Amino acid sequence: MIETHPDLLQRFVPTPFSCMLGETHVESNSEALISAIQTDPPQLHPIAHLKIIIDHTTTEDGNILTHINSAHLNTLLRGTTTLLIFDRDTRELLAFIAPEVSFSELLHSLIPAVLRGEQVAELQTHDIGTIAP
Amino acid sequence: MTLSAICNLWPNRAVSLVPQFTVASRRPAQRPRGEHAITPIAELSFSLAGAGCNLRTNSAALAETLRQSTVSWQGSTLCAFNVEATSDDLSPVGPAHFRGMHHVVVASFGVANVFVFDLRRQVVTAKVSQTLANDPDFWPRVLLPIAAGVFASTIGLLPLHSACLSRNGDGVLIAGESGAGKSTLAVALAQRAFDYISDDWTYCTSAQGVLTAHGTAARIKLLPDAARHFPSLAAHQTHISMNGELAYEVHANETFGASLRQHSRPRMLVFFRRTAEPAARFTQLAGSEARLYMERSVERLPPQLAEAAAVRSRLMDDVAALPCWSFECGGPPDHIAQRLETFFEDRRKDWIA
């Protein structure tokens with residue numbers, strides 16, 4: 001028999017540290033981050049649930065920002081190993097952060113940027129005319 | 001790039017060759033404030049392991065690749081792929097990086113190639129380089145198998161770590177550990193007039209009490225020592241596969257002359273274990289053992305996808321209800337295939353009866 005699948009996507013990283021900031025429930029695997037967010041709280045409106053994993057299995061791989069937005073999700077990547085996803089319907093913000101990214105950049109630059117959904121480039125539904133065979 | 005420029009690059013001549021594509025009208029669409037739209041110039045529906053998917057993209061090359069490498073789909077679709085190829089980005093494809101949380105999975109291949117899978121809405125939104133959009137190998141070999149695996153449970157597919165072959169529509173699922181020889185046995189069976197469906201991952205659906213096994217048209221992956229048994233591999237080169245192994249990745253029909261099928265009705269599940277001795281031994285297994293195998297081989301799903309997990313669990317019950325056999329045998333692949341063929345044909349008389 002084969003082995004159980006490892007958690008390749010890091011979906012099940014425990015997040016034992018949490019706090020409430022206004023109406024936002026914040027959870028993380030980093031106690032230091034929770035402390036930083038309470039000391040210097042960023043603008044979290046309209047996030048209902050903020051879950052941040054400091055991804056110790058990766059390293060920073062550049063600071064190029066890429067925005068990918070769909071009808072429901074705003075996604076922001078910094079390099080490829082730092083990524084933030086904001087679900088506009090459920091108001092969840094989910095993030096994996098490379099350990100080298102500073103808390104200040106995360107809280108005051110990356111989170112606001114993904115909430116704004118800058119540079120939206122979504123394939124729109126157009127009135128499409130079919131070309132007959 | 002403007003719409004008219006895109007249409008000039010991809011003129012009606014190409015459209016007439018590909019009639020299921022559609023071309024966007026020049027009428028401006030309503031857009032949410034603050035957004036700019038990438039206009040799709042190609043749209044097509046295709047089958048992904050038996051599930052209907054819809055692609056919308058601004059890349060004619062990508063649409064043509066999927067048209068050629070997938071089976072077209074008629075009717076309503078379950079998944080949407082919205083792929084934007086950036087107009088002037090020729091960045092090389094980078095290393096694969098995957099992360100997932102709750103209902104979202106993100107796959108990237110360098111900063112220029114990012115895929116966001118929304119498992120709640122069954123939508124993939126992607127931004128890719130022209131290099132990747134123009135790569136006819138990447139989509140069928142890498143992206144579509146990944147998409148099948150990521151989406152499977154949320155669109156009613158059970159991913160089963162098994163090969164699948166069939167004869168006259170009756171399928172045999174061949175499970176086993178990685179490295180057990182599923183792919184080699186699949187090729188040997190295909191050379192004994194079995195239809196080839198898949199060699200590594202098979203996707204099962206159930207409707208009105210009928211179980212169906214689907215393939216993804218992925219290439220067969222064979223380790224270098226398979227060349228000892230299959231001389232036609234000499235015309236191909238090995239390369240590093242997605243999991244880092246050096247392997248051949250070849251088309252079953254082109255390389256081995258296999259007859260391809262998209263799906264079959266599975267009639268038995270066989271757990272194959274290669275042994276040192278050539279004698280074949282079949283032992284009936286309880287469905288609970290098959291169930292345990294499936295539970296161990298599928299990905300854990302987060303609580304946010306509980307409904308998908310429940311559907312998947314019912315599919316596992318259906319597969320576990322198949323006759324299940326342990327099959328131990330050694331010797332060359334054709335010998336093993338011949339033993340399994342004989343066993344399969346003996347049982348098949350019962351299904352026909």
# chains A, B, ... in the order shown; residues from 1 in each chain; ligands from 1

$ select_by_dssp --residues "range 75-188 of chain B" --states "strand (DSSP E or B)" --output "PyMOL selection string"
chain B and resi 79-85+96-101+104-109+114-118+123-128+158-160+162-167+170-175

$ write_last_selection --atoms "N, CA and C atoms" --output "compact mmCIF listing (two decimals), in the first residue's frame"
# COMPACT_ATOMS: atom_id res chain seq x y z
N CYS B 79 -16.13 23.59 -15.08
CA CYS B 79 -14.96 24.39 -14.73
C CYS B 79 -14.73 25.46 -15.77
N ALA B 80 -14.18 26.58 -15.33
CA ALA B 80 -13.80 27.64 -16.27
C ALA B 80 -12.31 27.93 -16.13
N PHE B 81 -11.64 28.02 -17.26
CA PHE B 81 -10.23 28.41 -17.31
C PHE B 81 -10.17 29.77 -18.01
N ASN B 82 -9.75 30.80 -17.30
CA ASN B 82 -9.57 32.12 -17.89
C ASN B 82 -8.08 32.42 -17.89
N VAL B 83 -7.49 32.38 -19.06
CA VAL B 83 -6.04 32.48 -19.16
C VAL B 83 -5.64 33.70 -19.98
N GLU B 84 -4.90 34.58 -19.36
CA GLU B 84 -4.39 35.76 -20.05
C GLU B 84 -2.91 35.56 -20.36
N ALA B 85 -2.59 35.60 -21.64
CA ALA B 85 -1.17 35.59 -22.03
C ALA B 85 -0.74 37.04 -22.16
N ALA B 96 8.36 25.01 -10.44
CA ALA B 96 6.97 24.91 -9.96
C ALA B 96 6.92 25.20 -8.46
N HIS B 97 5.89 25.92 -8.06
CA HIS B 97 5.68 26.22 -6.64
C HIS B 97 4.17 26.15 -6.39
N PHE B 98 3.76 25.35 -5.41
CA PHE B 98 2.33 25.17 -5.13
C PHE B 98 2.03 25.50 -3.68
N ARG B 99 0.95 26.19 -3.46
CA ARG B 99 0.46 26.40 -2.10
C ARG B 99 -1.07 26.38 -2.13
N GLY B 100 -1.67 25.99 -1.02
CA GLY B 100 -3.12 25.96 -0.95
C GLY B 100 -3.61 26.29 0.44
N MET B 101 -4.73 26.95 0.52
CA MET B 101 -5.35 27.25 1.81
C MET B 101 -6.85 27.36 1.58
N VAL B 104 -8.63 27.70 -1.99
CA VAL B 104 -7.79 28.28 -3.05
C VAL B 104 -6.48 27.52 -3.16
N VAL B 105 -6.06 27.25 -4.38
CA VAL B 105 -4.74 26.68 -4.65
C VAL B 105 -4.06 27.59 -5.67
N VAL B 106 -2.80 27.91 -5.40
CA VAL B 106 -2.03 28.74 -6.33
C VAL B 106 -0.83 27.92 -6.83
N ALA B 107 -0.68 27.87 -8.14
CA ALA B 107 0.47 27.20 -8.74
C ALA B 107 1.22 28.23 -9.57
N SER B 108 2.54 28.29 -9.38
CA SER B 108 3.32 29.22 -10.20
C SER B 108 4.50 28.48 -10.81
N PHE B 109 4.90 28.97 -11.96
CA PHE B 109 6.08 28.45 -12.67
C PHE B 109 6.94 29.67 -13.03
N VAL B 114 1.34 32.22 -13.44
CA VAL B 114 0.65 31.99 -12.17
C VAL B 114 -0.78 31.53 -12.44
N PHE B 115 -1.18 30.47 -11.75
CA PHE B 115 -2.52 29.92 -11.88
C PHE B 115 -3.20 29.95 -10.51
N VAL B 116 -4.36 30.54 -10.44
CA VAL B 116 -5.12 30.59 -9.19
C VAL B 116 -6.37 29.72 -9.36
N PHE B 117 -6.45 28.66 -8.58
CA PHE B 117 -7.58 27.74 -8.65
C PHE B 117 -8.56 28.09 -7.54
N ASP B 118 -9.77 28.45 -7.89
CA ASP B 118 -10.82 28.73 -6.92
C ASP B 118 -11.72 27.49 -6.86
N VAL B 123 -13.13 27.79 -10.82
CA VAL B 123 -12.58 28.71 -11.82
C VAL B 123 -11.05 28.75 -11.65
N VAL B 124 -10.35 28.67 -12.77
CA VAL B 124 -8.91 28.91 -12.79
C VAL B 124 -8.69 30.25 -13.46
N THR B 125 -8.00 31.14 -12.78
CA THR B 125 -7.62 32.40 -13.40
C THR B 125 -6.11 32.41 -13.49
N ALA B 126 -5.60 32.68 -14.68
CA ALA B 126 -4.16 32.55 -14.88
C ALA B 126 -3.62 33.70 -15.70
N LYS B 127 -2.38 34.03 -15.37
CA LYS B 127 -1.63 34.98 -16.17
C LYS B 127 -0.35 34.26 -16.56
N VAL B 128 -0.10 34.14 -17.85
CA VAL B 128 1.07 33.38 -18.30
C VAL B 128 1.86 34.19 -19.32
N LEU B 158 -13.41 11.10 -8.52
CA LEU B 158 -12.54 10.46 -7.53
C LEU B 158 -11.19 10.19 -8.18
N PRO B 159 -10.13 10.85 -7.72
CA PRO B 159 -8.81 10.51 -8.26
C PRO B 159 -8.34 9.17 -7.69
N LEU B 160 -8.02 8.27 -8.57
CA LEU B 160 -7.63 6.92 -8.14
C LEU B 160 -6.21 6.67 -8.66
N SER B 162 -4.22 4.67 -10.05
CA SER B 162 -4.25 3.38 -10.75
C SER B 162 -4.17 3.62 -12.25
N ALA B 163 -3.73 2.59 -12.94
CA ALA B 163 -3.85 2.55 -14.40
C ALA B 163 -5.24 2.04 -14.73
N CYS B 164 -5.67 2.26 -15.95
CA CYS B 164 -6.94 1.69 -16.39
C CYS B 164 -6.83 1.24 -17.85
N LEU B 165 -7.18 0.00 -18.09
CA LEU B 165 -7.23 -0.55 -19.43
C LEU B 165 -8.62 -1.13 -19.62
N SER B 166 -9.02 -1.32 -20.87
CA SER B 166 -10.36 -1.88 -21.06
C SER B 166 -10.41 -2.74 -22.31
N ARG B 167 -11.41 -3.59 -22.33
CA ARG B 167 -11.68 -4.39 -23.52
C ARG B 167 -13.19 -4.39 -23.73
N ASP B 170 -15.22 -2.86 -21.00
CA ASP B 170 -15.07 -3.38 -19.64
C ASP B 170 -13.67 -3.05 -19.14
N GLY B 171 -13.59 -2.35 -18.01
CA GLY B 171 -12.30 -1.85 -17.56
C GLY B 171 -11.71 -2.65 -16.42
N VAL B 172 -10.38 -2.62 -16.35
CA VAL B 172 -9.67 -3.14 -15.19
C VAL B 172 -8.82 -2.00 -14.64
N LEU B 173 -9.00 -1.73 -13.36
CA LEU B 173 -8.20 -0.72 -12.67
C LEU B 173 -7.02 -1.42 -12.04
N ILE B 174 -5.81 -0.93 -12.30
CA ILE B 174 -4.60 -1.56 -11.78
C ILE B 174 -3.92 -0.59 -10.82
N ALA B 175 -4.09 -0.88 -9.53
CA ALA B 175 -3.50 -0.03 -8.50
C ALA B 175 -2.17 -0.62 -8.05

$ residues_around --residues "Pro16 in chain A" --least-positions-apart "3" --cutoff "8 Å" --atoms "only C-alpha atoms" --output "PyMOL selection string"
chain A and resi 27-29

$ select_by_dssp --residues "range 2-129 of chain A" --states "helix (DSSP H, G or I)" --output "mmCIF file with N, CA and C atoms, in the first residue's frame"
data_model
loop_
_atom_site.group_PDB
_atom_site.id
_atom_site.type_symbol
_atom_site.label_atom_id
_atom_site.label_comp_id
_atom_site.auth_asym_id
_atom_site.auth_seq_id
_atom_site.Cartn_x
_atom_site.Cartn_y
_atom_site.Cartn_z
ATOM 1 N N GLU A 31 3.706 33.741 16.430
ATOM 2 C CA GLU A 31 3.319 34.554 17.587
ATOM 3 C C GLU A 31 3.843 35.975 17.426
ATOM 4 N N ALA A 32 5.042 36.105 16.825
ATOM 5 C CA ALA A 32 5.637 37.432 16.632
ATOM 6 C C ALA A 32 4.774 38.284 15.705
ATOM 7 N N LEU A 33 4.201 37.651 14.698
ATOM 8 C CA LEU A 33 3.347 38.409 13.781
ATOM 9 C C LEU A 33 2.083 38.891 14.492
ATOM 10 N N ILE A 34 1.490 38.027 15.280
ATOM 11 C CA ILE A 34 0.282 38.430 16.010
ATOM 12 C C ILE A 34 0.592 39.600 16.943
ATOM 13 N N SER A 35 1.763 39.528 17.565
ATOM 14 C CA SER A 35 2.177 40.621 18.437
ATOM 15 C C SER A 35 2.365 41.907 17.640
ATOM 16 N N ALA A 36 3.008 41.798 16.474
ATOM 17 C CA ALA A 36 3.257 42.985 15.642
ATOM 18 C C ALA A 36 1.954 43.601 15.145
ATOM 19 N N ILE A 37 1.007 42.734 14.811
ATOM 20 C CA ILE A 37 -0.247 43.237 14.246
ATOM 21 C C ILE A 37 -1.092 43.936 15.318
ATOM 22 N N GLN A 38 -0.904 43.511 16.562
ATOM 23 C CA GLN A 38 -1.631 44.164 17.649
ATOM 24 C C GLN A 38 -0.971 45.490 18.035
ATOM 25 N N THR A 39 0.362 45.516 17.913
ATOM 26 C CA THR A 39 1.105 46.729 18.267
ATOM 27 C C THR A 39 0.902 47.830 17.226
ATOM 28 N N PHE A 103 7.396 42.332 8.568
ATOM 29 C CA PHE A 103 6.005 42.491 9.009
ATOM 30 C C PHE A 103 5.453 43.829 8.530
ATOM 31 N N SER A 104 6.323 44.849 8.553
ATOM 32 C CA SER A 104 5.879 46.177 8.139
ATOM 33 C C SER A 104 5.433 46.168 6.682
ATOM 34 N N GLU A 105 6.219 45.539 5.811
ATOM 35 C CA GLU A 105 5.828 45.467 4.393
ATOM 36 C C GLU A 105 4.541 44.668 4.240
ATOM 37 N N LEU A 106 4.451 43.566 4.973
ATOM 38 C CA LEU A 106 3.246 42.747 4.886
ATOM 39 C C LEU A 106 2.012 43.551 5.298
ATOM 40 N N LEU A 107 2.099 44.184 6.456
ATOM 41 C CA LEU A 107 0.898 44.797 7.026
ATOM 42 C C LEU A 107 0.527 46.114 6.359
ATOM 43 N N HIS A 108 1.516 46.857 5.932
ATOM 44 C CA HIS A 108 1.225 48.207 5.456
ATOM 45 C C HIS A 108 1.403 48.392 3.949
ATOM 46 N N SER A 109 1.875 47.359 3.287
ATOM 47 C CA SER A 109 2.027 47.471 1.836
ATOM 48 C C SER A 109 1.270 46.345 1.117
ATOM 49 N N LEU A 110 1.580 45.105 1.463
ATOM 50 C CA LEU A 110 1.011 43.981 0.699
ATOM 51 C C LEU A 110 -0.482 43.794 0.982
ATOM 52 N N ILE A 111 -0.872 43.840 2.257
ATOM 53 C CA ILE A 111 -2.293 43.659 2.569
ATOM 54 C C ILE A 111 -3.149 44.767 1.947
ATOM 55 N N PRO A 112 -2.776 46.031 2.102
ATOM 56 C CA PRO A 112 -3.578 47.064 1.411
ATOM 57 C C PRO A 112 -3.622 46.860 -0.097
ATOM 58 N N ALA A 113 -2.501 46.406 -0.675
ATOM 59 C CA ALA A 113 -2.465 46.245 -2.137
ATOM 60 C C ALA A 113 -3.415 45.143 -2.603
ATOM 61 N N VAL A 114 -3.454 44.041 -1.873
ATOM 62 C CA VAL A 114 -4.350 42.959 -2.325
ATOM 63 C C VAL A 114 -5.810 43.335 -2.085
ATOM 64 N N LEU A 115 -6.062 44.112 -1.048
ATOM 65 C CA LEU A 115 -7.446 44.562 -0.823
ATOM 66 C C LEU A 115 -7.905 45.502 -1.935
ATOM 67 N N ARG A 116 -6.980 46.345 -2.390
ATOM 68 C CA ARG A 116 -7.344 47.266 -3.474
ATOM 69 C C ARG A 116 -7.498 46.523 -4.793
#

$ residues_around --residues "His45 in chain A" --least-positions-apart "6" --cutoff "9 Å" --atoms "only C-alpha atoms" --output "mmCIF file with N, CA and C atoms, in the first residue's frame"
data_model
loop_
_atom_site.group_PDB
_atom_site.id
_atom_site.type_symbol
_atom_site.label_atom_id
_atom_site.label_comp_id
_atom_site.auth_asym_id
_atom_site.auth_seq_id
_atom_site.Cartn_x
_atom_site.Cartn_y
_atom_site.Cartn_z
ATOM 1 N N GLY A 22 -10.805 44.552 16.032
ATOM 2 C CA GLY A 22 -12.101 45.030 15.558
ATOM 3 C C GLY A 22 -12.979 43.832 15.231
ATOM 4 N N GLU A 23 -13.449 43.789 14.010
ATOM 5 C CA GLU A 23 -14.297 42.661 13.595
ATOM 6 C C GLU A 23 -13.510 41.599 12.833
ATOM 7 N N THR A 24 -12.187 41.726 12.838
ATOM 8 C CA THR A 24 -11.353 40.800 12.065
ATOM 9 C C THR A 24 -10.732 39.749 12.980
ATOM 10 N N LEU A 115 -6.062 44.112 -1.048
ATOM 11 C CA LEU A 115 -7.446 44.562 -0.823
ATOM 12 C C LEU A 115 -7.905 45.502 -1.935
#

$ atom_distance --atom1 "CA of Gly244 in chain B" --atom2 "CA of Lys221 in chain B"
12.1 Å

$ closest_residue --among "A:Ile85, A:Leu77, A:Leu9, A:Leu65" --to "chain B" --atoms "only C-alpha atoms"
A:Leu9

$ closest_residue --among "B:Leu62, B:Ile146, B:Ala252, B:Leu292" --to "chain A" --atoms "only C-alpha atoms"
B:Leu292

$ closest_residue --among "A:Thr81, A:Pro46, A:Phe12, A:Asp87" --to "Asn69 in chain A" --atoms "only C-alpha atoms"
A:Asp87
